[in-house]
Amino acid sequence: MSGPFKPIYPPRVLIVVTIPAGSTKSTHSAKVQYLVIDEDSEGQRLDNFLLSKLKGVPKSLIYRVIRKGEVRINKGRAKPERKLQAGDSVRVPPIRVSQEKPEVKPSGNLRSLLEASVLYESKELMVVNKPSGLAVHGGSGISLGLIESLRQMRPENSFMELVHRLDRDTSGCILVAKKRSMLVYLQGLFRGVKQIDKRYLALVRGRWPNRAKVVDASLQKNELSSGERMVRVSLEGKPSKTEFDVVKRFEEVTLVQAKPITGRTHQIRVHALHKGHPLVGDDKYGNDEFNKQMKKQGCRRLFLHAASLQFMLPDGQSLLVQAPLPEELQNFIDVLE
């Protein structure tokens, strides 16, 4: 993708015996099980394969049964880092599993919203326009995220994994692999010199200067005593670079396009703050009083949207996917205009 972005406004086998929903008791798998590795699991490490399949089983227990030789591949002992091949037979011993809470299911409204948010889908890949407020995965008090919802909505897909992540409050394009081979391919495009062109639309406080085309400032993650994760500019941090272009200026704010060259946590938000122009609606790095003022005018969320993705598919074709601004952000732009 060249030039400024033009924003759009308009498994195969069951490997764990679970207990009835709502029960808090533990149970054992009924017997020794033999799993045949299919193409979706080929290339995975043995430990990662078991961790993904044996939900609710402590990691320490999985490593213990591997170390004791109770897990075998093609009748032979195997180390945790052993790479699986299609057709391998994996012996899984009886293992205690528990399901303390019933599985949380996406509501009908969330299902409908996500179905309408699918921007592109093939046998190997899905691109979703993630809504703001929805975490990409469960954990840390979040029982249901995007990936858990999609897995329940697509039960026919034995494999479905996030390729990358978006902050909970950020909306827009996110990649979901439906085949392990596609996951490995796309993760390779994200490594080193990034071959995936991601463009965001962000509304920042003040008048963004035309000369500020690139912000090149190392970022370091810190965890506060409360457990909250914060990122700051630091010479001791990891190299981080973002390209910015002005899309439109308003009286008190500027709509910019941001292209992250690296992929650090909160990169666009912290780089914008570093230049003295925090994002509108950013309750972590923004200005509280200014955010209250913007909220009164109609912006009630972080104004950051992953507007487009472009990259080469394995067959050599170029894929460009664009996500229009969510209605609440478009409406706020209309107010400003």
# chains A, B, ... in the order shown; residues from 1 in each chain; ligands from 1
call {"tool": "residues_around", "arguments": {"residues": "region 64-70 of chain A", "least_positions_apart": "5", "cutoff": "8 Å", "atoms": "only C-alpha atoms", "output": "list in words"}}
result
Arg77, Ala78, Lys79, Pro80, Arg91, Val92 and Pro93 of chain A
call {"tool": "write_last_selection", "arguments": {"atoms": "C-alpha atoms", "output": "mmCIF file, in the first residue's frame"}}
result
data_model
loop_
_atom_site.group_PDB
_atom_site.id
_atom_site.type_symbol
_atom_site.label_atom_id
_atom_site.label_comp_id
_atom_site.auth_asym_id
_atom_site.auth_seq_id
_atom_site.Cartn_x
_atom_site.Cartn_y
_atom_site.Cartn_z
ATOM 1 C CA ARG A 77 8.903 -41.434 24.473
ATOM 2 C CA ALA A 78 9.084 -37.794 23.394
ATOM 3 C CA LYS A 79 10.357 -34.509 24.768
ATOM 4 C CA PRO A 80 8.102 -31.449 25.183
ATOM 5 C CA ARG A 91 -0.869 -41.491 23.467
ATOM 6 C CA VAL A 92 -2.557 -39.407 26.199
ATOM 7 C CA PRO A 93 -2.879 -41.038 29.633
#
call {"tool": "residues_around", "arguments": {"residues": "region 315-323 of chain A", "least_positions_apart": "3", "cutoff": "12 Å", "atoms": "only C-alpha atoms", "output": "PyMOL selection string"}}
result
chain A and resi 1+5-10+116-122+125-131+171-175+182+185+195-201+305-312+326-327
call {"tool": "closest_residue", "arguments": {"among": "A:Gly276, A:Gly138, A:Gly206, A:Gly87", "to": "Glu39 (chain A)", "atoms": "only C-alpha atoms"}}
result
A:Gly87
call {"tool": "closest_residue", "arguments": {"among": "A:Lys292, A:Arg111, A:His266, A:Arg180", "to": "Arg229 (chain A)", "atoms": "only C-alpha atoms"}}
result
A:His266
call {"tool": "residues_around", "arguments": {"residues": "Ser218 (chain A)", "least_positions_apart": "5", "cutoff": "9 Å", "atoms": "only C-alpha atoms", "output": "tab-separated table (two decimals) with C-alpha atoms, in the first residue's frame"}}
result
chain	number	residue	atom	x	y	z
A	232	ARG	CA	6.44	4.70	28.49
A	233	VAL	CA	9.15	6.09	26.23
A	234	SER	CA	12.54	4.94	27.52
A	235	LEU	CA	16.04	4.58	26.11
A	236	GLU	CA	16.07	1.17	27.80
A	237	GLY	CA	12.98	0.04	25.91
A	238	LYS	CA	12.50	-1.78	22.62
A	239	PRO	CA	12.95	0.12	19.33
A	240	SER	CA	9.55	1.42	18.20
A	241	LYS	CA	8.51	3.42	15.17
call {"tool": "residues_around", "arguments": {"residues": "Glu243 (chain A)", "least_positions_apart": "3", "cutoff": "12 Å", "atoms": "only C-alpha atoms", "output": "list in words"}}
result
Gly3, Pro4, Phe5, Asp197, Lys198, Arg199, Tyr200, Leu201, Asn210, Arg211, Ala212, Lys213, Val214, Val215, Asp216, Ala217, Ser240, Val246, Val256, Gln257, Ala258, Lys259, Pro260, Ile261, Thr262, Gln267, Ile268, His271 and Ala272 of chain A
call {"tool": "write_last_selection", "arguments": {"atoms": "N, CA, C and O atoms", "output": "tab-separated table (two decimals), in the first residue's frame"}}
result
chain	number	residue	atom	x	y	z
A	3	GLY	N	1.21	5.62	-0.44
A	3	GLY	CA	0.49	6.88	-0.36
A	3	GLY	C	-0.43	6.92	0.84
A	3	GLY	O	-0.69	5.91	1.49
A	4	PRO	N	-0.96	8.08	1.15
A	4	PRO	CA	-1.84	8.24	2.30
A	4	PRO	C	-3.07	7.37	2.18
A	4	PRO	O	-3.64	7.21	1.10
A	5	PHE	N	-3.51	6.80	3.27
A	5	PHE	CA	-4.71	5.98	3.30
A	5	PHE	C	-5.94	6.87	3.17
A	5	PHE	O	-6.03	7.91	3.81
A	197	ASP	N	0.90	-4.47	6.11
A	197	ASP	CA	0.69	-3.03	6.18
A	197	ASP	C	-0.60	-2.76	6.96
A	197	ASP	O	-1.70	-3.07	6.50
A	198	LYS	N	-0.46	-2.21	8.17
A	198	LYS	CA	-1.61	-1.89	9.01
A	198	LYS	C	-1.75	-0.37	9.11
A	198	LYS	O	-0.78	0.32	9.36
A	199	ARG	N	-2.96	0.12	8.90
A	199	ARG	CA	-3.23	1.55	9.01
A	199	ARG	C	-4.36	1.78	10.02
A	199	ARG	O	-5.38	1.09	9.99
A	200	TYR	N	-4.16	2.74	10.89
A	200	TYR	CA	-5.15	3.10	11.90
A	200	TYR	C	-5.62	4.54	11.68
A	200	TYR	O	-4.88	5.37	11.15
A	201	LEU	N	-6.84	4.82	12.09
A	201	LEU	CA	-7.33	6.19	12.18
A	201	LEU	C	-7.43	6.55	13.66
A	201	LEU	O	-7.99	5.79	14.46
A	210	ASN	N	2.57	19.05	10.54
A	210	ASN	CA	2.87	18.34	9.30
A	210	ASN	C	4.26	17.72	9.30
A	210	ASN	O	4.49	16.67	8.68
A	211	ARG	N	5.18	18.36	10.00
A	211	ARG	CA	6.57	17.88	9.98
A	211	ARG	C	6.75	16.59	10.79
A	211	ARG	O	7.75	15.90	10.65
A	212	ALA	N	5.79	16.28	11.67
A	212	ALA	CA	5.91	15.09	12.52
A	212	ALA	C	5.43	13.86	11.75
A	212	ALA	O	4.39	13.28	12.06
A	213	LYS	N	6.19	13.46	10.75
A	213	LYS	CA	5.81	12.32	9.91
A	213	LYS	C	6.14	10.99	10.57
A	213	LYS	O	5.50	9.98	10.32
A	214	VAL	N	7.21	10.97	11.38
A	214	VAL	CA	7.66	9.73	11.99
A	214	VAL	C	7.97	9.97	13.47
A	214	VAL	O	8.61	10.96	13.83
A	215	VAL	N	7.51	9.06	14.31
A	215	VAL	CA	7.89	9.06	15.72
A	215	VAL	C	8.72	7.81	15.95
A	215	VAL	O	8.23	6.69	15.79
A	216	ASP	N	9.98	8.01	16.29
A	216	ASP	CA	10.92	6.91	16.49
A	216	ASP	C	11.40	6.99	17.94
A	216	ASP	O	12.32	7.73	18.26
A	217	ALA	N	10.74	6.27	18.84
A	217	ALA	CA	11.04	6.35	20.27
A	217	ALA	C	10.86	4.98	20.90
A	217	ALA	O	9.78	4.38	20.78
A	240	SER	N	10.95	1.30	18.62
A	240	SER	CA	9.55	1.42	18.20
A	240	SER	C	9.41	2.59	17.25
A	240	SER	O	9.98	3.66	17.49
A	246	VAL	N	-1.49	13.50	8.52
A	246	VAL	CA	-2.70	14.25	8.84
A	246	VAL	C	-3.77	13.94	7.81
A	246	VAL	O	-3.54	14.03	6.61
A	256	VAL	N	-5.73	11.73	12.34
A	256	VAL	CA	-4.48	11.28	11.72
A	256	VAL	C	-4.58	9.82	11.32
A	256	VAL	O	-5.38	9.05	11.87
A	257	GLN	N	-3.77	9.47	10.33
A	257	GLN	CA	-3.57	8.07	9.98
A	257	GLN	C	-2.26	7.64	10.61
A	257	GLN	O	-1.24	8.35	10.50
A	258	ALA	N	-2.26	6.52	11.30
A	258	ALA	CA	-1.05	6.00	11.94
A	258	ALA	C	-0.70	4.64	11.35
A	258	ALA	O	-1.56	3.76	11.25
A	259	LYS	N	0.56	4.51	10.96
A	259	LYS	CA	1.06	3.24	10.42
A	259	LYS	C	2.19	2.75	11.33
A	259	LYS	O	3.30	3.26	11.27
A	260	PRO	N	1.91	1.75	12.18
A	260	PRO	CA	2.97	1.23	13.05
A	260	PRO	C	3.97	0.38	12.25
A	260	PRO	O	3.58	-0.55	11.56
A	261	ILE	N	5.24	0.74	12.33
A	261	ILE	CA	6.29	-0.03	11.67
A	261	ILE	C	6.70	-1.21	12.55
A	261	ILE	O	7.03	-2.29	12.06
A	262	THR	N	6.69	-0.99	13.86
A	262	THR	CA	6.88	-2.06	14.82
A	262	THR	C	5.54	-2.35	15.49
A	262	THR	O	4.58	-1.61	15.28
A	267	GLN	N	1.50	1.16	21.28
A	267	GLN	CA	2.49	1.96	20.56
A	267	GLN	C	1.94	3.28	20.03
A	267	GLN	O	2.53	4.35	20.26
A	268	ILE	N	0.83	3.24	19.30
A	268	ILE	CA	0.29	4.47	18.72
A	268	ILE	C	-0.10	5.45	19.81
A	268	ILE	O	0.19	6.66	19.73
A	271	HIS	N	3.16	6.89	21.47
A	271	HIS	CA	3.90	7.74	20.55
A	271	HIS	C	3.17	9.06	20.32
A	271	HIS	O	3.80	10.13	20.21
A	272	ALA	N	1.84	9.02	20.25
A	272	ALA	CA	1.08	10.26	20.10
A	272	ALA	C	1.24	11.14	21.35
A	272	ALA	O	1.43	12.36	21.25
call {"tool": "select_by_dssp", "arguments": {"residues": "region 48-273 of chain A", "states": "strand (DSSP E or B)", "output": "MDAnalysis selection string"}}
result
chainID A and resid 72:73 76:77 83 89:92 96:98 118:121 125:130 139 142 161:162 171:177 197:205 214:216 219:223 229:233 238 241:249 253:260
call {"tool": "atom_distance", "arguments": {"atom1": "CA of Glu42 (chain A)", "atom2": "CA of Met153 (chain A)"}}
result
24.2 Å
call {"tool": "closest_residue", "arguments": {"among": "A:Gly145, A:Gly133, A:Gly76, A:Gly188", "to": "Pro106 (chain A)", "atoms": "only C-alpha atoms"}}
result
A:Gly145
call {"tool": "closest_residue", "arguments": {"among": "A:Ser143, A:Asp40, A:Val163, A:Met230", "to": "Phe190 (chain A)", "atoms": "only C-alpha atoms"}}
result
A:Val163
call {"tool": "select_by_dssp", "arguments": {"residues": "region 292-329 of chain A", "states": "alpha helix (DSSP H)", "output": "NGL selection string"}}
result
:A and (292-297 or 327-329)
call {"tool": "write_last_selection", "arguments": {"atoms": "N, CA and C atoms", "output": "short mmCIF file (atom, residue, chain, number, x, y, z; two decimals), in the first residue's frame"}}
result
data_model
loop_
_atom_site.label_atom_id
_atom_site.label_comp_id
_atom_site.auth_asym_id
_atom_site.auth_seq_id
_atom_site.Cartn_x
_atom_site.Cartn_y
_atom_site.Cartn_z
N LYS A 292 -13.28 14.55 29.17
CA LYS A 292 -14.63 14.88 29.65
C LYS A 292 -15.32 15.87 28.69
N GLN A 293 -14.53 16.82 28.21
CA GLN A 293 -15.07 17.80 27.25
C GLN A 293 -15.50 17.11 25.96
N MET A 294 -14.65 16.19 25.45
CA MET A 294 -14.98 15.46 24.23
C MET A 294 -16.19 14.55 24.44
N LYS A 295 -16.30 13.99 25.65
CA LYS A 295 -17.43 13.10 25.94
C LYS A 295 -18.75 13.87 25.88
N LYS A 296 -18.73 15.11 26.37
CA LYS A 296 -19.93 15.93 26.32
C LYS A 296 -20.35 16.21 24.88
N GLN A 297 -19.34 16.24 23.98
CA GLN A 297 -19.64 16.49 22.58
C GLN A 297 -20.02 15.21 21.81
N GLU A 327 -20.03 3.49 13.68
CA GLU A 327 -21.04 4.54 13.62
C GLU A 327 -20.81 5.62 14.66
N GLU A 328 -20.41 5.22 15.90
CA GLU A 328 -20.25 6.22 16.95
C GLU A 328 -19.08 7.16 16.67
N LEU A 329 -18.04 6.65 16.01
CA LEU A 329 -16.91 7.51 15.67
C LEU A 329 -17.24 8.40 14.47
#
call {"tool": "atom_distance", "arguments": {"atom1": "CA of Thr265 (chain A)", "atom2": "CA of Asn222 (chain A)"}}
result
10.8 Å
call {"tool": "residues_around", "arguments": {"residues": "Leu134 (chain A)", "least_positions_apart": "2", "cutoff": "10 Å", "atoms": "only C-alpha atoms", "output": "list in words"}}
result
Leu110, Lys130, Pro131, Ser132, Val136, His137, Gly138, Ile142, Leu144, Gly145, Leu146, Leu166, Asp167, Arg168, Asp169, Thr170 and Ser171 of chain A
call {"tool": "write_last_selection", "arguments": {"atoms": "C-alpha atoms", "output": "mmCIF file, in the first residue's frame"}}
result
data_model
loop_
_atom_site.group_PDB
_atom_site.id
_atom_site.type_symbol
_atom_site.label_atom_id
_atom_site.label_comp_id
_atom_site.auth_asym_id
_atom_site.auth_seq_id
_atom_site.Cartn_x
_atom_site.Cartn_y
_atom_site.Cartn_z
ATOM 1 C CA LEU A 110 -23.059 -10.584 20.088
ATOM 2 C CA LYS A 130 -13.672 -6.089 16.063
ATOM 3 C CA PRO A 131 -16.091 -3.958 18.072
ATOM 4 C CA SER A 132 -14.707 -1.605 20.709
ATOM 5 C CA VAL A 136 -9.702 -10.361 21.842
ATOM 6 C CA HIS A 137 -9.558 -13.274 24.307
ATOM 7 C CA GLY A 138 -10.760 -14.192 27.789
ATOM 8 C CA ILE A 142 -12.917 -11.619 31.244
ATOM 9 C CA LEU A 144 -15.546 -14.400 26.968
ATOM 10 C CA GLY A 145 -13.534 -12.701 24.253
ATOM 11 C CA LEU A 146 -13.554 -12.473 20.473
ATOM 12 C CA LEU A 166 -5.916 -5.300 19.425
ATOM 13 C CA ASP A 167 -6.504 -3.447 22.680
ATOM 14 C CA ARG A 168 -9.954 -4.004 24.124
ATOM 15 C CA ASP A 169 -11.073 -0.425 23.437
ATOM 16 C CA THR A 170 -9.653 -0.368 19.885
ATOM 17 C CA SER A 171 -11.956 -1.343 17.029
#
call {"tool": "closest_residue", "arguments": {"among": "A:Lys179, A:Arg82, A:His164, A:Lys55", "to": "Ser41 (chain A)", "atoms": "only C-alpha atoms"}}
result
A:Lys179
call {"tool": "closest_residue", "arguments": {"among": "A:Val71, A:Leu336, A:Leu186, A:Cys299", "to": "Val253 (chain A)", "atoms": "only C-alpha atoms"}}
result
A:Leu336
call {"tool": "atom_distance", "arguments": {"atom1": "CA of Arg72 (chain A)", "atom2": "CA of Ser60 (chain A)"}}
result
17.3 Å
